[in-house]
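What follows is a single structure, written as structure tokens, with notes after it.
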Amino acid sequence: MTYQQVLEAARGQMGPCKVCPVCDGRACRNTIPGPGAKGVGDVAIRNYAAWQNVRVNMDTICACGTPDTHLDLFGQRFRIPVFAGPVGAVQLHYGKKFDDMQYNDILVPACRDAGILAFTGDGTNPAVMVAACKAVKAAQGFGIPTVKPWDAGTIAEKMALVRDSGAFAAAMDIDAAGLPFLKNLDPPAGSKTAGELKGIIADAKVPFIIKGIMTVRGAEKAVEAGASAIVVSNHGGRVLDQTPATAEVLPEIAAAVKGRCTVLVDGGIRSGVDVFKALAMGADAVLIARPFVNAVYGGGAEGVRAYVDQLAGELADTMSMCGAETLADITPDLVRIF
């Protein structure tokens with residue numbers, strides 16, 4: 001299957017997601033439940049549009065060779081610097097074909113076999129994290145369970161599951177405190193202080209990734225708490241209306257903490273060219289979420305492979321045309337921001 005065939009197969013299998021030819025947030029704005037953004041719904045649109053305002057600088061006066069797209073991170077090697085982002089409540093937001101357990105059972109091994117990895121989601125149903133960690137364990141720990149910012153007791157229980165999974169890293173989407181469907185729940189979810197995060201990270205006993213960083217100040221606090229990596233993310237526009245796009249804040253955040261922690265970014269990244277832009281602007285790797293849901297619904301493991309193959313081809317082609325032999329060669333001068 002090609003990824004285009006995957007999308008065609010996904011149409012009719014999903015809802016409220018419309019499986020748009022370009023996942024740019026326009027058709028699903030202000031659609032929650034569903035894949036849309038919160039409030040007026042323009043943050044997801046802005047995320048996508050901001051990457052389109054970045055252009056790549058071509059340079060073919062260079063040595064000719066096959067670009068090396070591999071990324072080494074946390075003692076692991078990946079085919080490309082792309083990870084599948086965490087997604088939860090897939091039946092509620094994307095359609096009844098799969099529940100969270102079935103989704104992770106497909107996504108986690110499919111990503112591993114395609115040379116990348118999947119972050120798994122958390123949910124209000126405790127069984128979601130249990131099943132996600134089982135999927136990661138079955139993949140020999142090749143996945144990153146993502147815990148939501150619950151109360152201390154609930155986080156401790158979930159981190160025990162993460163450790164048992166054998167995952168080589170763990171994550172928290174700290175910004176999930178703003179998800180409408182997590183408000184006023186038992187257990188409660190909410191923001192965390194740097195001190196609270198420090199205790200959580202110490203308990204994890206593996207490299208810890210904090211997702212949901214949108215300011216230099218937030219990045220500094222994450223580093224202070226001991227995070228091994230951050231994800232520059234506004235949760236696809238789903239947690240707070242009227243935030244900047246991730247591409248708009250990435251360069252300043254990366255400049256502030258690069259060398260002290262790994263910098264990842266998500267939000268509106270859809271192609272290998274977008275991946276190249278993100279690396280040139282300071283990211284070490286990217287997360288992509290919604291298109292991987294389409295891949296699973298449209299083609300299962302084969303759909304995941306098709307999307308990863310497309311991303312890898314696009315990234316390698318862009319590197320070749322811009323004179324970058326390795327990821328380290330993707331430098332700020334290779335893009336122009338309009």
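As shown in the structure tokens, the chain order sets the letters A, B, ...; within each chain, residues go from 1, and ligands are also counted from 1 in the order they appear.
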Pull the closest atom pair for each residue of region 143-252 of chain A that gets at most 12 Å from region 279-297 of chain A, along with the distance in Å to one decimal, counting only C-alpha atoms, ordering rows by chain and then ascending residue number, as a Markdown table.
| residue | atom | partner | partner_atom | distance |
| --- | --- | --- | --- | --- |
| A:Ile144 | CA | A:Leu287 | CA | 11.9 |
| A:Lys211 | CA | A:Leu287 | CA | 10.3 |
| A:Gly212 | CA | A:Leu287 | CA | 11.9 |
| A:Ala229 | CA | A:Asp284 | CA | 9.8 |
| A:Ile230 | CA | A:Ala283 | CA | 10.0 |
| A:Val231 | CA | A:Leu287 | CA | 8.2 |
| A:Val232 | CA | A:Ala283 | CA | 8.9 |
| A:Ser233 | CA | A:Leu287 | CA | 9.3 |
| A:His235 | CA | A:Ala289 | CA | 9.9 |
| A:Gly236 | CA | A:Ala289 | CA | 8.9 |
| A:Thr246 | CA | A:Met281 | CA | 11.0 |
| A:Ala247 | CA | A:Met281 | CA | 8.2 |
| A:Glu248 | CA | A:Met281 | CA | 9.8 |
| A:Val249 | CA | A:Met281 | CA | 9.8 |
| A:Leu250 | CA | A:Met281 | CA | 6.8 |
| A:Pro251 | CA | A:Met281 | CA | 5.3 |
| A:Glu252 | CA | A:Gly282 | CA | 8.6 |
Could you pull out all residues of region 63-264 of chain A with a DSSP call of strand (DSSP E) and give them as JSON, numbers by chain? {"A": [71, 72, 73, 76, 77, 78, 82, 83, 84, 117, 118, 119, 120, 144, 145, 146, 147, 170, 171, 172, 173, 208, 209, 210, 211, 212, 213, 229, 230, 231, 232, 262, 263, 264]}
Keeping only N, CA and C atoms, write the selected residues as a compact mmCIF listing (two decimals), in the first residue's frame.
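Saved the output as selection.txt:
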# COMPACT_ATOMS: atom_id res chain seq x y z
N LEU A 71 18.83 8.08 13.54
CA LEU A 71 18.92 8.85 14.79
C LEU A 71 19.31 7.91 15.92
N ASP A 72 20.30 8.30 16.70
CA ASP A 72 20.67 7.57 17.91
C ASP A 72 20.18 8.35 19.12
N LEU A 73 19.35 7.70 19.94
CA LEU A 73 18.75 8.39 21.09
C LEU A 73 18.49 7.40 22.21
N GLN A 76 19.33 3.79 21.69
CA GLN A 76 18.63 3.08 20.62
C GLN A 76 18.92 3.76 19.29
N ARG A 77 18.79 3.01 18.21
CA ARG A 77 18.96 3.57 16.87
C ARG A 77 17.65 3.48 16.11
N PHE A 78 17.27 4.58 15.45
CA PHE A 78 16.01 4.65 14.73
C PHE A 78 16.28 4.98 13.26
N VAL A 82 11.67 10.29 13.69
CA VAL A 82 10.22 10.46 13.77
C VAL A 82 9.66 9.41 14.72
N PHE A 83 8.74 9.83 15.59
CA PHE A 83 8.03 8.91 16.47
C PHE A 83 6.53 9.11 16.32
N ALA A 84 5.77 8.04 16.51
CA ALA A 84 4.32 8.15 16.53
C ALA A 84 3.92 8.73 17.89
N LEU A 117 9.55 4.22 16.72
CA LEU A 117 8.80 3.72 17.87
C LEU A 117 7.56 4.55 18.10
N ALA A 118 6.67 4.01 18.93
CA ALA A 118 5.43 4.70 19.26
C ALA A 118 5.42 5.13 20.72
N PHE A 119 4.97 6.34 20.95
CA PHE A 119 4.55 6.76 22.28
C PHE A 119 3.12 6.24 22.45
N THR A 120 2.79 5.66 23.59
CA THR A 120 1.42 5.20 23.81
C THR A 120 0.69 6.18 24.72
N ILE A 144 7.29 4.05 24.23
CA ILE A 144 7.38 4.99 25.35
C ILE A 144 5.99 5.26 25.90
N PRO A 145 5.64 4.64 27.03
CA PRO A 145 4.35 4.92 27.66
C PRO A 145 4.29 6.37 28.13
N THR A 146 3.16 7.00 27.91
CA THR A 146 2.97 8.40 28.27
C THR A 146 1.88 8.51 29.32
N VAL A 147 2.24 9.03 30.48
CA VAL A 147 1.33 9.14 31.62
C VAL A 147 0.75 10.55 31.68
N ALA A 170 10.24 6.97 29.51
CA ALA A 170 8.85 7.23 29.87
C ALA A 170 8.55 8.69 29.59
N ALA A 171 7.27 9.02 29.52
CA ALA A 171 6.89 10.40 29.20
C ALA A 171 5.65 10.81 29.99
N MET A 172 5.46 12.12 30.08
CA MET A 172 4.23 12.69 30.63
C MET A 172 3.80 13.84 29.73
N ASP A 173 2.54 13.81 29.28
CA ASP A 173 2.01 14.96 28.55
C ASP A 173 1.41 15.91 29.58
N PHE A 208 13.30 10.44 31.12
CA PHE A 208 11.93 10.93 31.21
C PHE A 208 11.73 12.11 30.27
N ILE A 209 10.63 12.07 29.54
CA ILE A 209 10.31 13.08 28.53
C ILE A 209 9.08 13.86 28.98
N ILE A 210 9.19 15.18 29.01
CA ILE A 210 8.04 16.02 29.37
C ILE A 210 7.50 16.66 28.10
N LYS A 211 6.26 16.34 27.79
CA LYS A 211 5.61 16.82 26.57
C LYS A 211 4.63 17.93 26.93
N GLY A 212 4.65 19.00 26.13
CA GLY A 212 3.74 20.11 26.37
C GLY A 212 4.46 21.39 26.75
N ILE A 213 5.69 21.56 26.24
CA ILE A 213 6.50 22.74 26.54
C ILE A 213 6.32 23.75 25.41
N ALA A 229 14.42 14.84 28.10
CA ALA A 229 13.95 15.40 26.84
C ALA A 229 12.67 16.17 27.07
N ILE A 230 12.40 17.09 26.18
CA ILE A 230 11.13 17.80 26.18
C ILE A 230 10.50 17.67 24.80
N VAL A 231 9.18 17.81 24.75
CA VAL A 231 8.48 17.90 23.48
C VAL A 231 7.83 19.26 23.40
N VAL A 232 8.29 20.07 22.46
CA VAL A 232 7.63 21.36 22.20
C VAL A 232 6.28 21.01 21.57
N THR A 262 17.37 16.65 25.25
CA THR A 262 16.94 16.40 23.89
C THR A 262 15.68 17.21 23.61
N VAL A 263 15.58 17.78 22.41
CA VAL A 263 14.43 18.61 22.05
C VAL A 263 13.64 17.92 20.94
N LEU A 264 12.39 17.58 21.22
CA LEU A 264 11.47 17.04 20.24
C LEU A 264 10.38 18.07 19.99
DSSP on the backbone, helix (DSSP H, G or I) only: what residues of region 171-266 of chain A does that give? Format it as a PyMOL selection string. chain A and resi 174-178+180-182+194-204+216-225+235-237+246-257
Residues near region 318-330 of chain A, cut-off 9 Å, only C-alpha atoms, skip fewer than 4 positions along chain, as JSON, numbers by chain: {"A": [56, 57, 58, 59, 60, 61, 62, 63, 64, 65, 66, 67, 68, 69, 70, 71, 81, 272, 273, 276, 277, 279, 280, 281, 284, 313, 314, 334]}
Per-residue nearest contacts region 8-58 of chain A to region 239-242 of chain A, cut-off 8 Å, using only C-alpha atoms, as a Markdown table:
| residue | atom | partner | partner_atom | distance |
| --- | --- | --- | --- | --- |
| A:Ala37 | CA | A:Asp241 | CA | 7.7 |
| A:Lys38 | CA | A:Asp241 | CA | 5.6 |
| A:Gly39 | CA | A:Asp241 | CA | 5.3 |
| A:Val40 | CA | A:Asp241 | CA | 6.9 |
| A:Gly41 | CA | A:Asp241 | CA | 7.0 |
| A:Asp42 | CA | A:Gln242 | CA | 7.3 |
| A:Val43 | CA | A:Gln242 | CA | 6.2 |
Export, as an mmCIF file, in the first residue's frame, the selected residues with N, CA, C and O atoms.
data_model
loop_
_atom_site.group_PDB
_atom_site.id
_atom_site.type_symbol
_atom_site.label_atom_id
_atom_site.label_comp_id
_atom_site.auth_asym_id
_atom_site.auth_seq_id
_atom_site.Cartn_x
_atom_site.Cartn_y
_atom_site.Cartn_z
ATOM 1 N N ALA A 37 -9.348 20.982 17.431
ATOM 2 C CA ALA A 37 -8.726 21.827 18.436
ATOM 3 C C ALA A 37 -9.791 22.501 19.294
ATOM 4 O O ALA A 37 -10.961 22.590 18.931
ATOM 5 N N LYS A 38 -9.372 23.002 20.430
ATOM 6 C CA LYS A 38 -10.246 23.603 21.434
ATOM 7 C C LYS A 38 -10.623 25.038 21.044
ATOM 8 O O LYS A 38 -9.937 25.693 20.270
ATOM 9 N N GLY A 39 -11.740 25.499 21.578
ATOM 10 C CA GLY A 39 -12.138 26.896 21.381
ATOM 11 C C GLY A 39 -12.502 27.184 19.940
ATOM 12 O O GLY A 39 -13.247 26.432 19.316
ATOM 13 N N VAL A 40 -11.958 28.258 19.378
ATOM 14 C CA VAL A 40 -12.262 28.591 17.988
ATOM 15 C C VAL A 40 -11.615 27.603 17.031
ATOM 16 O O VAL A 40 -11.930 27.583 15.842
ATOM 17 N N GLY A 41 -10.700 26.802 17.552
ATOM 18 C CA GLY A 41 -10.163 25.697 16.778
ATOM 19 C C GLY A 41 -9.081 26.047 15.787
ATOM 20 O O GLY A 41 -8.798 25.266 14.872
ATOM 21 N N ASP A 42 -8.409 27.190 15.958
ATOM 22 C CA ASP A 42 -7.442 27.579 14.931
ATOM 23 C C ASP A 42 -6.001 27.202 15.263
ATOM 24 O O ASP A 42 -5.107 27.401 14.440
ATOM 25 N N VAL A 43 -5.748 26.635 16.441
ATOM 26 C CA VAL A 43 -4.367 26.311 16.797
ATOM 27 C C VAL A 43 -3.824 25.164 15.942
ATOM 28 O O VAL A 43 -2.688 25.208 15.470
#
In terms of the shortest atom-to-atom distance over only C-alpha atoms, which of A:Val6, A:Ala256, A:Ala204, A:Met214 is closest to Asp175 (chain A)? A:Met214
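Minimum distance to Asn30 (chain A) across A:Ala306, A:Ala227, A:Gly237, A:Arg260 (counting only C-alpha atoms) occurs at A:Gly237.
When only C-alpha atoms are used to measure the gap to Gln4 (chain A), the shortest distance among A:Gly300, A:Pro21, A:Gly226, A:Pro16 belongs to A:Pro21.
For region 156-168 of chain A, the residues within 6 Å (counting only C-alpha atoms, excluding itself and residues fewer than 2 positions away along the chain) are A:Cys133, A:Val136, A:Lys137, A:Gly141, A:Gly153, A:Thr154.
The residue that comes closest to Val128 (chain A), out of A:Gly299, A:Gly88, A:Gly178, A:Gly190 and on the basis of only C-alpha atoms, is A:Gly88.
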